[in-house]
Structure formats: C-alpha cells, structure tokens
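Okay, entry-v7.pdb now, which holds PDB, C-alpha atoms:
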```pdb
ATOM      1  CA  MET F   1     116.171  86.801 119.484
ATOM      2  CA  ARG F   2     117.081  83.463 121.056
ATOM      3  CA  ASN F   3     118.395  82.405 117.623
ATOM      4  CA  GLY F   4     114.949  82.891 116.104
ATOM      5  CA  LEU F   5     111.985  80.546 116.167
ATOM      6  CA  VAL F   6     112.961  76.898 116.073
ATOM      7  CA  ASP F   7     110.522  74.144 117.002
ATOM      8  CA  LYS F   8     111.367  71.046 119.023
ATOM      9  CA  TYR F   9     112.058  69.112 115.807
ATOM     10  CA  GLY F  10     114.673  71.590 114.672
ATOM     11  CA  ARG F  11     112.567  73.302 112.027
ATOM     12  CA  ARG F  12     113.197  77.027 111.696
ATOM     13  CA  ILE F  13     109.944  78.997 111.588
ATOM     14  CA  ASP F  14     110.311  81.998 109.293
ATOM     15  CA  TYR F  15     106.936  82.295 107.539
ATOM     16  CA  LEU F  16     103.668  83.705 108.909
ATOM     17  CA  ARG F  17     100.303  83.553 107.159
ATOM     18  CA  ILE F  18      97.985  86.283 108.436
ATOM     19  CA  SER F  19      94.207  86.134 108.034
ATOM     20  CA  ILE F  20      92.771  89.645 108.264
ATOM     21  CA  THR F  21      89.081  88.685 108.024
ATOM     22  CA  ASP F  22      86.796  85.671 108.284
ATOM     23  CA  ARG F  23      84.376  87.233 105.759
ATOM     24  CA  CYS F  24      84.243  86.215 102.121
ATOM     25  CA  ASN F  25      82.233  87.188  99.046
ATOM     26  CA  LEU F  26      82.103  83.570  97.833
ATOM     27  CA  ARG F  27      80.720  80.430  99.445
ATOM     28  CA  CYS F  28      83.021  77.677  98.204
ATOM     29  CA  PHE F  29      81.553  74.372  99.344
ATOM     30  CA  TYR F  30      84.852  72.990 100.665
ATOM     31  CA  CYS F  31      85.626  76.131 102.654
ATOM     32  CA  MET F  32      82.298  76.930 104.319
ATOM     33  CA  PRO F  33      79.407  74.644 105.298
ATOM     34  CA  THR F  34      76.137  75.159 103.413
ATOM     35  CA  SER F  35      74.447  75.998 106.710
ATOM     36  CA  GLY F  36      76.671  79.084 106.990
ATOM     37  CA  ILE F  37      79.185  80.104 109.614
ATOM     38  CA  GLN F  38      79.155  81.917 112.919
ATOM     39  CA  LYS F  39      80.764  85.247 112.054
ATOM     40  CA  VAL F  40      83.380  86.668 114.370
ATOM     41  CA  PHE F  41      82.262  89.836 116.166
ATOM     42  CA  PRO F  42      84.073  92.943 114.829
ATOM     43  CA  GLN F  43      85.661  93.700 118.218
ATOM     44  CA  GLU F  44      87.270  90.257 118.165
ATOM     45  CA  ILE F  45      89.001  90.884 114.846
ATOM     46  CA  LEU F  46      92.574  92.137 115.116
ATOM     47  CA  LYS F  47      92.888  95.819 114.227
ATOM     48  CA  TYR F  48      95.292  96.856 111.489
ATOM     49  CA  GLU F  49      97.588  98.569 113.981
ATOM     50  CA  GLU F  50      97.653  95.364 116.026
ATOM     51  CA  LEU F  51      98.564  93.371 112.941
ATOM     52  CA  ILE F  52     101.433  95.762 112.185
ATOM     53  CA  GLU F  53     102.696  95.331 115.746
ATOM     54  CA  ILE F  54     102.521  91.552 115.347
ATOM     55  CA  VAL F  55     104.473  91.700 112.089
ATOM     56  CA  LYS F  56     107.174  93.817 113.707
ATOM     57  CA  ARG F  57     107.576  91.409 116.632
ATOM     58  CA  ALA F  58     107.547  88.395 114.303
ATOM     59  CA  ARG F  59     110.296  89.976 112.228
ATOM     60  CA  GLU F  60     112.394  90.403 115.373
ATOM     61  CA  LEU F  61     112.097  86.635 115.825
ATOM     62  CA  GLY F  62     113.412  85.890 112.360
ATOM     63  CA  VAL F  63     110.155  85.638 110.429
ATOM     64  CA  GLY F  64     111.024  86.936 106.980
ATOM     65  CA  LYS F  65     108.016  86.065 104.853
ATOM     66  CA  PHE F  66     104.389  87.080 105.321
ATOM     67  CA  ARG F  67     101.224  86.241 103.392
ATOM     68  CA  ILE F  68      97.951  88.153 103.795
ATOM     69  CA  THR F  69      94.849  85.980 103.528
ATOM     70  CA  GLY F  70      91.192  85.842 104.600
ATOM     71  CA  GLY F  71      88.376  84.792 104.205
ATOM     72  CA  GLU F  72      88.772  87.133 101.313
ATOM     73  CA  PRO F  73      91.154  89.921 102.348
ATOM     74  CA  LEU F  74      89.849  92.428  99.799
ATOM     75  CA  VAL F  75      86.429  92.594 101.474
ATOM     76  CA  ARG F  76      87.955  94.246 104.561
ATOM     77  CA  LYS F  77      87.748  98.026 104.506
ATOM     78  CA  GLY F  78      91.004  99.937 104.668
ATOM     79  CA  ILE F  79      93.181  97.176 103.261
ATOM     80  CA  GLY F  80      95.004  99.654 101.002
ATOM     81  CA  GLY F  81      96.316 101.570 104.000
ATOM     82  CA  PHE F  82      97.324  98.325 105.686
ATOM     83  CA  ILE F  83      99.258  97.194 102.600
ATOM     84  CA  GLU F  84     100.975 100.582 102.517
ATOM     85  CA  GLU F  85     102.080 100.163 106.138
ATOM     86  CA  LEU F  86     103.434  96.691 105.389
ATOM     87  CA  ALA F  87     105.345  98.030 102.401
ATOM     88  CA  ARG F  88     106.919 100.723 104.568
ATOM     89  CA  LEU F  89     108.350  97.994 106.794
ATOM     90  CA  GLY F  90     110.352  96.670 103.854
ATOM     91  CA  ILE F  91     109.251  93.078 104.428
ATOM     92  CA  ASP F  92     108.673  90.212 102.009
ATOM     93  CA  PHE F  93     104.892  89.924 101.741
ATOM     94  CA  SER F  94     102.199  88.841  99.314
ATOM     95  CA  LEU F  95      98.429  88.421  99.205
ATOM     96  CA  THR F  96      96.081  85.549  98.425
ATOM     97  CA  THR F  97      92.692  86.430  96.927
ATOM     98  CA  ASN F  98      89.793  84.787  95.125
ATOM     99  CA  GLY F  99      90.124  87.508  92.496
ATOM    100  CA  ILE F 100      86.514  88.730  92.538
ATOM    101  CA  LEU F 101      87.470  92.267  93.663
ATOM    102  CA  LEU F 102      90.928  92.324  92.139
ATOM    103  CA  ASN F 103      89.995  94.345  89.070
ATOM    104  CA  LYS F 104      88.481  97.001  91.328
ATOM    105  CA  TYR F 105      91.423  97.270  93.728
ATOM    106  CA  ALA F 106      94.475  96.216  91.686
ATOM    107  CA  ARG F 107      95.806  99.703  91.023
ATOM    108  CA  ASP F 108      95.269 100.859  94.606
ATOM    109  CA  LEU F 109      97.058  97.768  95.881
ATOM    110  CA  PHE F 110      99.920  98.309  93.443
ATOM    111  CA  ASN F 111     100.237 101.965  94.442
ATOM    112  CA  ALA F 112     100.252 100.875  98.100
ATOM    113  CA  GLY F 113     103.229  98.612  97.467
ATOM    114  CA  LEU F 114     101.838  95.145  96.749
ATOM    115  CA  ARG F 115     103.659  93.301  93.958
ATOM    116  CA  ARG F 116     102.831  89.606  94.374
ATOM    117  CA  VAL F 117      99.446  87.872  94.376
ATOM    118  CA  ASN F 118      98.129  84.324  94.546
ATOM    119  CA  ILE F 119      94.712  83.890  92.978
ATOM    120  CA  SER F 120      92.537  80.923  93.916
ATOM    121  CA  LEU F 121      90.845  79.536  90.812
ATOM    122  CA  ASP F 122      89.782  75.883  90.752
ATOM    123  CA  THR F 123      88.204  75.731  87.313
ATOM    124  CA  LEU F 124      88.223  77.470  83.939
ATOM    125  CA  ARG F 125      84.574  76.583  83.294
ATOM    126  CA  GLU F 126      81.859  79.055  84.193
ATOM    127  CA  THR F 127      79.276  76.462  85.261
ATOM    128  CA  ILE F 128      81.722  74.586  87.490
ATOM    129  CA  PHE F 129      82.948  77.857  89.020
ATOM    130  CA  ASN F 130      79.376  78.761  89.825
ATOM    131  CA  ARG F 131      78.887  75.365  91.477
ATOM    132  CA  ILE F 132      82.105  75.467  93.513
ATOM    133  CA  THR F 133      81.694  79.042  94.705
ATOM    134  CA  GLY F 134      77.971  79.093  95.347
ATOM    135  CA  GLY F 135      77.150  81.534  92.567
ATOM    136  CA  GLY F 136      80.374  83.413  91.808
ATOM    137  CA  ASP F 137      81.077  84.993  88.431
ATOM    138  CA  ILE F 138      84.283  83.636  86.866
ATOM    139  CA  LYS F 139      84.462  86.601  84.484
ATOM    140  CA  GLU F 140      85.261  88.845  87.445
ATOM    141  CA  VAL F 141      88.262  86.658  88.283
ATOM    142  CA  PHE F 142      89.544  86.776  84.713
ATOM    143  CA  SER F 143      89.154  90.573  84.787
ATOM    144  CA  GLY F 144      91.178  90.669  87.990
ATOM    145  CA  ILE F 145      93.935  88.557  86.455
ATOM    146  CA  ASP F 146      94.074  90.903  83.453
ATOM    147  CA  ALA F 147      94.278  93.903  85.798
ATOM    148  CA  VAL F 148      97.288  92.661  87.768
ATOM    149  CA  ARG F 149      99.036  91.585  84.561
ATOM    150  CA  ARG F 150      98.633  95.078  83.087
ATOM    151  CA  LEU F 151     100.206  96.497  86.232
ATOM    152  CA  ASN F 152     103.124  94.043  86.032
ATOM    153  CA  PHE F 153     102.495  92.239  89.299
ATOM    154  CA  SER F 154     105.040  89.436  89.479
ATOM    155  CA  PRO F 155     104.790  86.609  90.056
ATOM    156  CA  ILE F 156     101.079  85.949  89.572
ATOM    157  CA  LYS F 157     100.280  82.492  90.907
ATOM    158  CA  ILE F 158      97.063  80.617  90.228
ATOM    159  CA  ASN F 159      96.196  78.103  92.967
ATOM    160  CA  VAL F 160      94.076  75.165  91.809
ATOM    161  CA  VAL F 161      92.665  72.754  94.390
ATOM    162  CA  VAL F 162      92.088  69.534  92.460
ATOM    163  CA  MET F 163      88.900  67.675  93.480
ATOM    164  CA  LYS F 164      87.729  64.249  92.430
ATOM    165  CA  GLY F 165      84.558  64.408  90.383
ATOM    166  CA  ILE F 166      84.724  68.185  90.150
ATOM    167  CA  ASN F 167      87.729  69.460  88.211
ATOM    168  CA  GLU F 168      90.341  66.701  87.899
ATOM    169  CA  ASP F 169      89.733  66.666  84.161
ATOM    170  CA  GLU F 170      90.949  70.262  83.813
ATOM    171  CA  ILE F 171      94.619  69.782  84.698
ATOM    172  CA  THR F 172      95.735  69.686  81.064
ATOM    173  CA  ASN F 173      93.621  72.742  80.271
ATOM    174  CA  PHE F 174      95.191  74.669  83.146
ATOM    175  CA  ILE F 175      98.700  73.726  82.028
ATOM    176  CA  GLU F 176      98.028  74.914  78.484
ATOM    177  CA  TRP F 177      96.252  78.061  79.704
ATOM    178  CA  GLY F 178      99.099  78.931  82.062
ATOM    179  CA  LYS F 179     101.648  78.477  79.273
ATOM    180  CA  LYS F 180      99.637  80.636  76.886
ATOM    181  CA  GLU F 181      98.900  83.385  79.410
ATOM    182  CA  LEU F 182     102.332  83.271  81.134
ATOM    183  CA  LEU F 183     100.769  82.510  84.506
ATOM    184  CA  ASN F 184     102.261  80.287  87.183
ATOM    185  CA  VAL F 185      99.769  77.514  87.947
ATOM    186  CA  ARG F 186      99.987  75.384  91.101
ATOM    187  CA  PHE F 187      97.945  72.231  91.609
ATOM    188  CA  ILE F 188      97.101  71.408  95.222
ATOM    189  CA  GLU F 189      95.732  68.186  96.658
ATOM    190  CA  PHE F 190      92.399  68.501  98.426
ATOM    191  CA  MET F 191      92.471  68.562 102.231
ATOM    192  CA  PRO F 192      89.123  68.008 103.978
ATOM    193  CA  PHE F 193      88.070  70.122 106.944
ATOM    194  CA  PHE F 194      84.508  68.837 107.081
ATOM    195  CA  GLY F 195      82.063  66.890 104.981
ATOM    196  CA  GLU F 196      82.939  64.857 101.907
ATOM    197  CA  ASP F 197      86.531  64.125 100.961
ATOM    198  CA  TYR F 198      87.231  64.997  97.308
ATOM    199  CA  PHE F 199      90.834  63.801  97.423
ATOM    200  CA  TYR F 200      92.380  63.175  94.025
ATOM    201  CA  PRO F 201      95.994  61.955  94.303
ATOM    202  CA  LEU F 202      98.311  64.030  92.145
ATOM    203  CA  LYS F 203     101.637  62.241  92.400
ATOM    204  CA  ALA F 204     101.039  59.860  89.474
ATOM    205  CA  ILE F 205      99.443  62.670  87.462
ATOM    206  CA  ARG F 206     102.442  64.919  88.088
ATOM    207  CA  ASP F 207     104.889  62.213  87.056
ATOM    208  CA  LYS F 208     102.826  61.500  83.919
ATOM    209  CA  PHE F 209     102.872  65.144  82.868
ATOM    210  CA  ILE F 210     106.600  65.425  83.541
ATOM    211  CA  GLU F 211     107.158  62.674  81.003
ATOM    212  CA  GLU F 212     104.475  63.511  78.454
ATOM    213  CA  LYS F 213     104.886  67.269  78.384
ATOM    214  CA  LYS F 214     108.651  67.238  78.961
ATOM    215  CA  LEU F 215     108.405  69.380  82.074
ATOM    216  CA  VAL F 216     111.783  70.553  83.357
ATOM    217  CA  SER F 217     112.449  70.937  87.069
ATOM    218  CA  ALA F 218     112.718  74.581  88.137
ATOM    219  CA  GLN F 219     114.115  76.096  91.310
ATOM    220  CA  VAL F 220     111.874  78.917  92.499
ATOM    221  CA  PRO F 221     112.986  80.832  95.619
ATOM    222  CA  GLY F 222     110.310  81.160  98.259
ATOM    223  CA  SER F 223     107.933  78.681  96.628
ATOM    224  CA  GLY F 224     107.345  76.750  99.847
ATOM    225  CA  PRO F 225     106.293  73.115  99.522
ATOM    226  CA  ALA F 226     105.620  73.223  95.774
ATOM    227  CA  ARG F 227     107.694  71.155  93.368
ATOM    228  CA  ASN F 228     108.078  73.392  90.346
ATOM    229  CA  PHE F 229     108.578  72.777  86.647
ATOM    230  CA  ARG F 230     108.771  74.691  83.364
ATOM    231  CA  PRO F 231     106.946  73.476  80.262
ATOM    232  CA  THR F 232     109.066  72.992  77.153
ATOM    233  CA  GLY F 233     109.154  76.301  75.319
ATOM    234  CA  GLY F 234     107.307  78.093  78.111
ATOM    235  CA  ASP F 235     108.331  80.852  80.512
ATOM    236  CA  ASN F 236     105.769  80.132  83.210
ATOM    237  CA  ILE F 237     105.993  77.782  86.196
ATOM    238  CA  ILE F 238     103.858  74.726  86.915
ATOM    239  CA  GLY F 239     103.826  73.645  90.546
ATOM    240  CA  PHE F 240     102.462  70.673  92.476
ATOM    241  CA  ILE F 241     101.706  70.738  96.202
ATOM    242  CA  LEU F 242     100.991  67.235  97.535
ATOM    243  CA  PRO F 243     100.267  67.360 101.282
ATOM    244  CA  ARG F 244      98.721  63.884 101.200
ATOM    245  CA  SER F 245     100.655  61.974  98.534
ATOM    246  CA  GLU F 246     104.000  63.473  99.585
ATOM    247  CA  PRO F 247     103.645  65.159 102.991
ATOM    248  CA  PHE F 248     106.201  67.917 103.483
ATOM    249  CA  CYS F 249     105.745  68.375 107.227
ATOM    250  CA  LYS F 250     109.417  67.737 108.004
ATOM    251  CA  ASP F 251     110.243  70.945 106.122
ATOM    252  CA  CYS F 252     107.300  73.054 107.294
ATOM    253  CA  ASN F 253     108.414  76.553 108.275
ATOM    254  CA  ARG F 254     105.140  78.339 108.962
ATOM    255  CA  LEU F 255     102.673  79.494 111.566
ATOM    256  CA  ARG F 256      99.178  80.827 110.911
ATOM    257  CA  LEU F 257      97.416  83.739 112.574
ATOM    258  CA  THR F 258      93.615  83.798 112.430
ATOM    259  CA  SER F 259      91.698  87.039 112.058
ATOM    260  CA  SER F 260      90.606  86.732 115.696
ATOM    261  CA  GLY F 261      94.201  86.512 116.916
ATOM    262  CA  MET F 262      94.719  82.787 117.432
ATOM    263  CA  LEU F 263      98.171  81.562 116.471
ATOM    264  CA  LEU F 264      98.073  78.087 114.918
ATOM    265  CA  PRO F 265     101.156  75.850 114.913
ATOM    266  CA  CYS F 266      99.725  73.842 112.003
ATOM    267  CA  LEU F 267      96.924  74.167 109.455
ATOM    268  CA  PHE F 268      95.195  71.245 111.197
ATOM    269  CA  SER F 269      95.937  72.248 114.784
ATOM    270  CA  THR F 270      93.274  71.468 117.353
ATOM    271  CA  LYS F 271      95.023  73.787 119.798
ATOM    272  CA  ALA F 272      95.992  77.409 119.307
ATOM    273  CA  VAL F 273      97.812  80.149 121.204
ATOM    274  CA  ASP F 274      95.701  83.202 122.071
ATOM    275  CA  LEU F 275      98.064  85.896 120.854
ATOM    276  CA  LYS F 276      95.366  88.575 120.888
ATOM    277  CA  LYS F 277      94.795  88.129 124.625
ATOM    278  CA  VAL F 278      98.480  88.638 125.335
ATOM    279  CA  LEU F 279      98.628  91.637 123.008
ATOM    280  CA  ARG F 280      95.575  93.398 124.440
ATOM    281  CA  ASN F 281      96.726  92.742 127.995
ATOM    282  CA  GLY F 282     100.004  94.488 127.291
ATOM    283  CA  GLY F 283     102.126  91.347 127.337
ATOM    284  CA  ASP F 284     105.108  90.411 125.193
ATOM    285  CA  ILE F 285     103.614  88.638 122.187
ATOM    286  CA  ARG F 286     106.957  87.132 121.307
ATOM    287  CA  SER F 287     106.202  84.602 124.041
ATOM    288  CA  SER F 288     103.133  83.528 122.023
ATOM    289  CA  PHE F 289     105.312  82.830 119.015
ATOM    290  CA  TYR F 290     107.676  80.707 121.086
ATOM    291  CA  GLU F 291     104.720  78.814 122.546
ATOM    292  CA  ALA F 292     103.208  78.168 119.109
ATOM    293  CA  ALA F 293     106.542  77.079 117.675
ATOM    294  CA  TYR F 294     107.069  74.680 120.587
ATOM    295  CA  GLY F 295     103.581  73.243 120.029
ATOM    296  CA  LYS F 296     104.145  72.592 116.339
ATOM    297  CA  PRO F 297     103.503  68.878 115.703
ATOM    298  CA  ALA F 298     105.870  66.588 113.829
ATOM    299  CA  SER F 299     103.218  66.112 111.134
ATOM    300  CA  HIS F 300      99.709  67.265 110.325
ATOM    301  CA  ASN F 301      96.768  65.549 112.021
ATOM    302  CA  LEU F 302      94.716  65.337 108.871
ATOM    303  CA  ASN F 303      92.268  62.755 110.222
ATOM    304  CA  LYS F 304      92.026  63.834 113.853
ATOM    305  CA  GLY F 305      89.712  66.835 113.854
ATOM    306  CA  TYR F 306      90.425  70.458 113.088
ATOM    307  CA  TYR F 307      90.444  73.821 114.723
ATOM    308  CA  GLN F 308      87.880  75.698 112.619
ATOM    309  CA  TYR F 309      86.638  76.296 109.098
ATOM    310  CA  MET F 310      89.031  77.194 106.313
ATOM    311  CA  ASN F 311      87.649  80.692 105.873
ATOM    312  CA  GLU F 312      88.745  81.488 109.438
ATOM    313  CA  ILE F 313      92.197  79.940 109.195
ATOM    314  CA  GLY F 314      93.287  81.599 106.002
ATOM    315  CA  GLY F 315      94.734  78.576 104.204
TER     316      GLY F 315
END
```
Target encoding structure tokens, full file:
Amino acid sequence: MRNGLVDKYGRRIDYLRISITDRCNLRCFYCMPTSGIQKVFPQEILKYEELIEIVKRARELGVGKFRITGGEPLVRKGIGGFIEELARLGIDFSLTTNGILLNKYARDLFNAGLRRVNISLDTLRETIFNRITGGGDIKEVFSGIDAVRRLNFSPIKINVVVMKGINEDEITNFIEWGKKELLNVRFIEFMPFFGEDYFYPLKAIRDKFIEEKKLVSAQVPGSGPARNFRPTGGDNIIGFILPRSEPFCKDCNRLRLTSSGMLLPCLFSTKAVDLKKVLRNGGDIRSSFYEAAYGKPASHNLNKGYYQYMNEIGG
C-alpha cells in the first residue's frame, strides 16, 4: 500500500467524493450557467461496475470514507443496486442529494444499505428556492426530509450555501428550524466557479451566534472541515464551513472523481488525472491515485480558473 496515499505536503488522503452523473433535475444558478451545459455522452460516464472497482482499489490505498454525489445522484437509473453493492463492501459511505427525489427513493435506498444523507437546501422560503433552483418545488425537499427521518437515517445534514443578497438573512431561521426539527444544519461560504461572486463572510456571523445563542463546541467524528456546535438545550448540530474566511487546505484529506472518470486533486484543480483511461486500458488505477495525490496543491486556487462546472465535479 506504500503506507497509503500521502501528498507531498504530508497530508494523508483518505476521503473520496464520487460523482456518478453530471445530470440534475434542478438548475441552481451558481452550479450551472443559464445557457445550459454540454452534457457528457453516456459512454463517457463511468459504469457502476467500474465505480465499484475504483472504490475497492481506493480502499486498498487507505481511503476509508466515500461520498456519492452528482449532479443529482438520484436521477441516475439503477442507483439502488449500486448502493447495495457499496453496502456489501462494508465501507463508510454517504450520499449528497438536493432532496427532490428523496421521498420517492428513501425506502429503497434504506433497504439497499444507505444510512446517511446530506441534503442541499439554501433557503426555507418557497419563492427564493424557486429563484435559486430555476423552478424547483421546495415542498418536495421537505417531503424528502420527512421520509428519511421516518426511516431513521442518521445523521441527516442540511447543507446551506450562504449567498449575499439571496439568503444571508435566513441564518437565524435555519438555526431555529434545525433545533426544532432535530436536523444538523451546516452553513457554507459561497465559492464562485463562474459569473457573479455572492460571497458572504461567515466568520463574524459564526462568532456572533456562538455568543448570542450560547452555542457549545461539539466534536463530531468524520465532519470534515466543519466547525461544529450544539445550541443550548438542543440535540442537533450546527456547523460552519469557511473555505474563504478560514481556509482549511492544510488539513484537506480528499480527492474528487468526476462522473466521466477524471480524478481531481482539489475542488478548484485546473488539471486532472484521467483515471477512466487507465481503467479501460487495463492499467493499475492505483497509479492514478498516487498521481492525483502528488498533484494536490498546498491550497486552493480560488481565483485562478477552474476545471469545470460544479454539477460535473460533484461538490
């Protein structure tokens, strides 16, 4: 195993985010351009059996945590069988979804072996949700949240990207809603991939809420870069992820695999390793992981151009 995956800065890489599709049933303005995207041809998308092979090889290299993303992963046919195969491997894995199809598929996903979900929800207001998502129905997301709660998925994390002029006034509402509904809410600073920058710095806001709402620091295993807190008298978790106010690159432990098989050393990488080419040519894909780990930069290149749109990277 060559002592696992360690980059040239000494960071151990043990987390892989896997995008299984570039397709999505929403059109969030910060994820996709209004002009639309060039869809990846089906033959270029990694097959489920190829993804399972990749997971097995990654595990041999010390990767112990996997997250399934998209686009929107629930729009890909056959995902239940894929989740079942992942569960059989006995690995630590979870899924990120926009929640639109969650009510429909929650029980099938649970029966297949999924237990943990992250749900992207940037607003609690129907009109703002419609604006952000290009016409999505927020009631479908709430139905999905209710469905996974009834099935005792745990934890259920709500990811909120905070955007200036869009939803920065909803932070208090989200905190109170999360406390009431026993949902873990995580606030994330906006990161631009194209177009307008809606950055709203959260450090001062976080510190203000710590004092005003008597938030208590909480240690949450496997929570990644989030700083986590518990509200007084509450059982849920409130998290803050501040990639711009408090960059956490020195502790970054992840690689990202796009649906078309490109292995990204960083969310903002302008270069990627073509893992799919190695895989389909019968090569040892572990070499791709070593190459990507070696190419991992010391810090993100937030202002230096990006690899592709967010729907293709998988977050």
Shortest interatomic distance to Val160 (chain F) - which of F:Ile100, F:Leu74, F:Leu121, F:Leu257, counting only C-alpha atoms: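 Of F:Ile100, F:Leu74, F:Leu121, F:Leu257, the one nearest Val160 (chain F), counting only C-alpha atoms, is F:Leu121.
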Using all atoms listed in the file, find each residue in region 138-181 of chain F having at least one atom no more than 8 Å away from region 101-108 of chain F; report its shortest atom-to-atom pair and that distance in Å (one decimal), rows by chain then rising number, as a Markdown table.
```
| residue | atom | partner | partner_atom | distance |
| --- | --- | --- | --- | --- |
| F:Glu140 | CA | F:Leu101 | CA | 7.4 |
| F:Val141 | CA | F:Leu102 | CA | 7.4 |
| F:Ser143 | CA | F:Asn103 | CA | 5.8 |
| F:Gly144 | CA | F:Asn103 | CA | 4.0 |
| F:Ile145 | CA | F:Leu102 | CA | 7.5 |
| F:Asp146 | CA | F:Asn103 | CA | 7.7 |
| F:Ala147 | CA | F:Asn103 | CA | 5.4 |
| F:Val148 | CA | F:Ala106 | CA | 6.0 |
| F:Leu151 | CA | F:Arg107 | CA | 7.3 |
```
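Nearest to Glu60 (chain F) of all the residues F:Ile171, F:Gly4, F:Gly234, F:Cys31 is F:Gly4, based on all atoms listed in the file.
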Need the shell around region 213-230 of chain F: protein/DNA/RNA residues with any atom at most 10 Å away, counting all atoms listed in the file. Skip same-chain ones fewer than 4 positions apart. Format as a ChimeraX atom specification? /F:15,65,92,172,175,179,184-188,206-209,234-243,246-249,251-254
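The smallest atom-to-atom distance between Phe153 (chain F) and any of F:Arg76, F:Lys203, F:Lys277, F:Arg116, using only C-alpha atoms, is found for F:Arg116.
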In Å and to one decimal, CA of Glu212 (chain F) is distant from CA of Val162 (chain F) by 19.6 Å
Just give me the gap between CA of Phe93 (chain F) and CA of Gln43 (chain F) in Å, one decimal is fine. 25.6 Å
CA of Ala293 (chain F) to CA of Arg88 (chain F): how many Å, to one decimal?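 These atoms are spaced 27.0 Å apart.
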Evaluate the PyMOL selection byres ((chain F and resi 289-292) around 12) on the structure here and hand back the selected residues as a PyMOL selection string. chain F and resi 1-8+12-16+54-55+57-63+254-257+261-266+269+271-276+278-279+284-288+293-297
Evaluate the PyMOL selection byres ((chain F and resi 124) around 12) here and jot the selected residues down as an MDAnalysis selection string. chainID F and resid 120:123 125:130 132 137:139 141:142 158 160 166:178
Enclosing box along x, y and z for every listed atom of region 218-225 of chain F, padded 5 Å each side, centre and size in Å, one decimal, as JSON:
```
{"center_x": 110.2, "center_y": 77.1, "center_z": 94.0, "size_x": 17.8, "size_y": 18.0, "size_z": 21.7}
```
Given the point (104.2, 98.1, 106.6) in the file's coordinates, find the residues that have an atom at most 12 Å from it, counting all atoms listed in the file, and give them as a ChimeraX atom specification. /F:48-56,59,66,79-94,112-114
For the point (78.5, 71.9, 101.3) in file coordinates, what residues are within 12 Å, counting all atoms listed in the file? Give the answer as a list in words?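 Every polymer residue passing the test: Arg27, Cys28, Phe29, Tyr30, Cys31, Met32, Pro33, Thr34, Ser35, Gly36, Ile37, Arg131, Ile132, Thr133, Gly134, Pro192, Phe193, Phe194, Gly195, Glu196, Asp197 and Tyr198 of chain F.
For the choices F:Asn25, F:Asn118, F:Ser154, F:Thr232, the atom-to-atom distance to Val75 (chain F) is smallest for F:Asn25 when using only C-alpha atoms.
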Which residue of F:Thr97, F:Leu182, F:Ala298, F:Pro231 approaches Ile210 (chain F) most closely, using only C-alpha atoms: F:Pro231
Model the absent atoms of region 3-15 of chain F so that N, CA and C atoms are present, and write the result as a short mmCIF file (atom, residue, chain, number, x, y, z; two decimals), in the coordinates of the input.
```cif
data_model
loop_
_atom_site.label_atom_id
_atom_site.label_comp_id
_atom_site.auth_asym_id
_atom_site.auth_seq_id
_atom_site.Cartn_x
_atom_site.Cartn_y
_atom_site.Cartn_z
N ASN F 3 118.10 83.12 118.87
CA ASN F 3 118.40 82.40 117.62
C ASN F 3 117.14 82.15 116.79
N GLY F 4 116.14 83.01 116.92
CA GLY F 4 114.95 82.89 116.10
C GLY F 4 114.00 81.82 116.62
N LEU F 5 112.99 81.53 115.80
CA LEU F 5 111.98 80.55 116.17
C LEU F 5 112.37 79.19 115.59
N VAL F 6 112.64 78.26 116.48
CA VAL F 6 112.96 76.90 116.07
C VAL F 6 112.09 75.96 116.90
N ASP F 7 111.38 75.04 116.24
CA ASP F 7 110.52 74.14 117.00
C ASP F 7 111.33 72.98 117.59
N LYS F 8 110.65 72.12 118.32
CA LYS F 8 111.37 71.05 119.02
C LYS F 8 111.88 69.96 118.08
N TYR F 9 111.54 70.06 116.79
CA TYR F 9 112.06 69.11 115.81
C TYR F 9 113.17 69.73 114.96
N GLY F 10 113.57 70.93 115.35
CA GLY F 10 114.67 71.59 114.67
C GLY F 10 114.29 72.38 113.44
N ARG F 11 113.00 72.53 113.19
CA ARG F 11 112.57 73.30 112.03
C ARG F 11 112.57 74.79 112.35
N ARG F 12 113.18 75.58 111.50
CA ARG F 12 113.20 77.03 111.70
C ARG F 12 111.90 77.62 111.15
N ILE F 13 111.22 78.40 111.96
CA ILE F 13 109.94 79.00 111.59
C ILE F 13 110.20 80.42 111.12
N ASP F 14 110.02 80.67 109.83
CA ASP F 14 110.31 82.00 109.29
C ASP F 14 109.23 82.51 108.35
N TYR F 15 108.03 81.94 108.45
CA TYR F 15 106.94 82.30 107.54
C TYR F 15 105.64 82.38 108.34
#
```
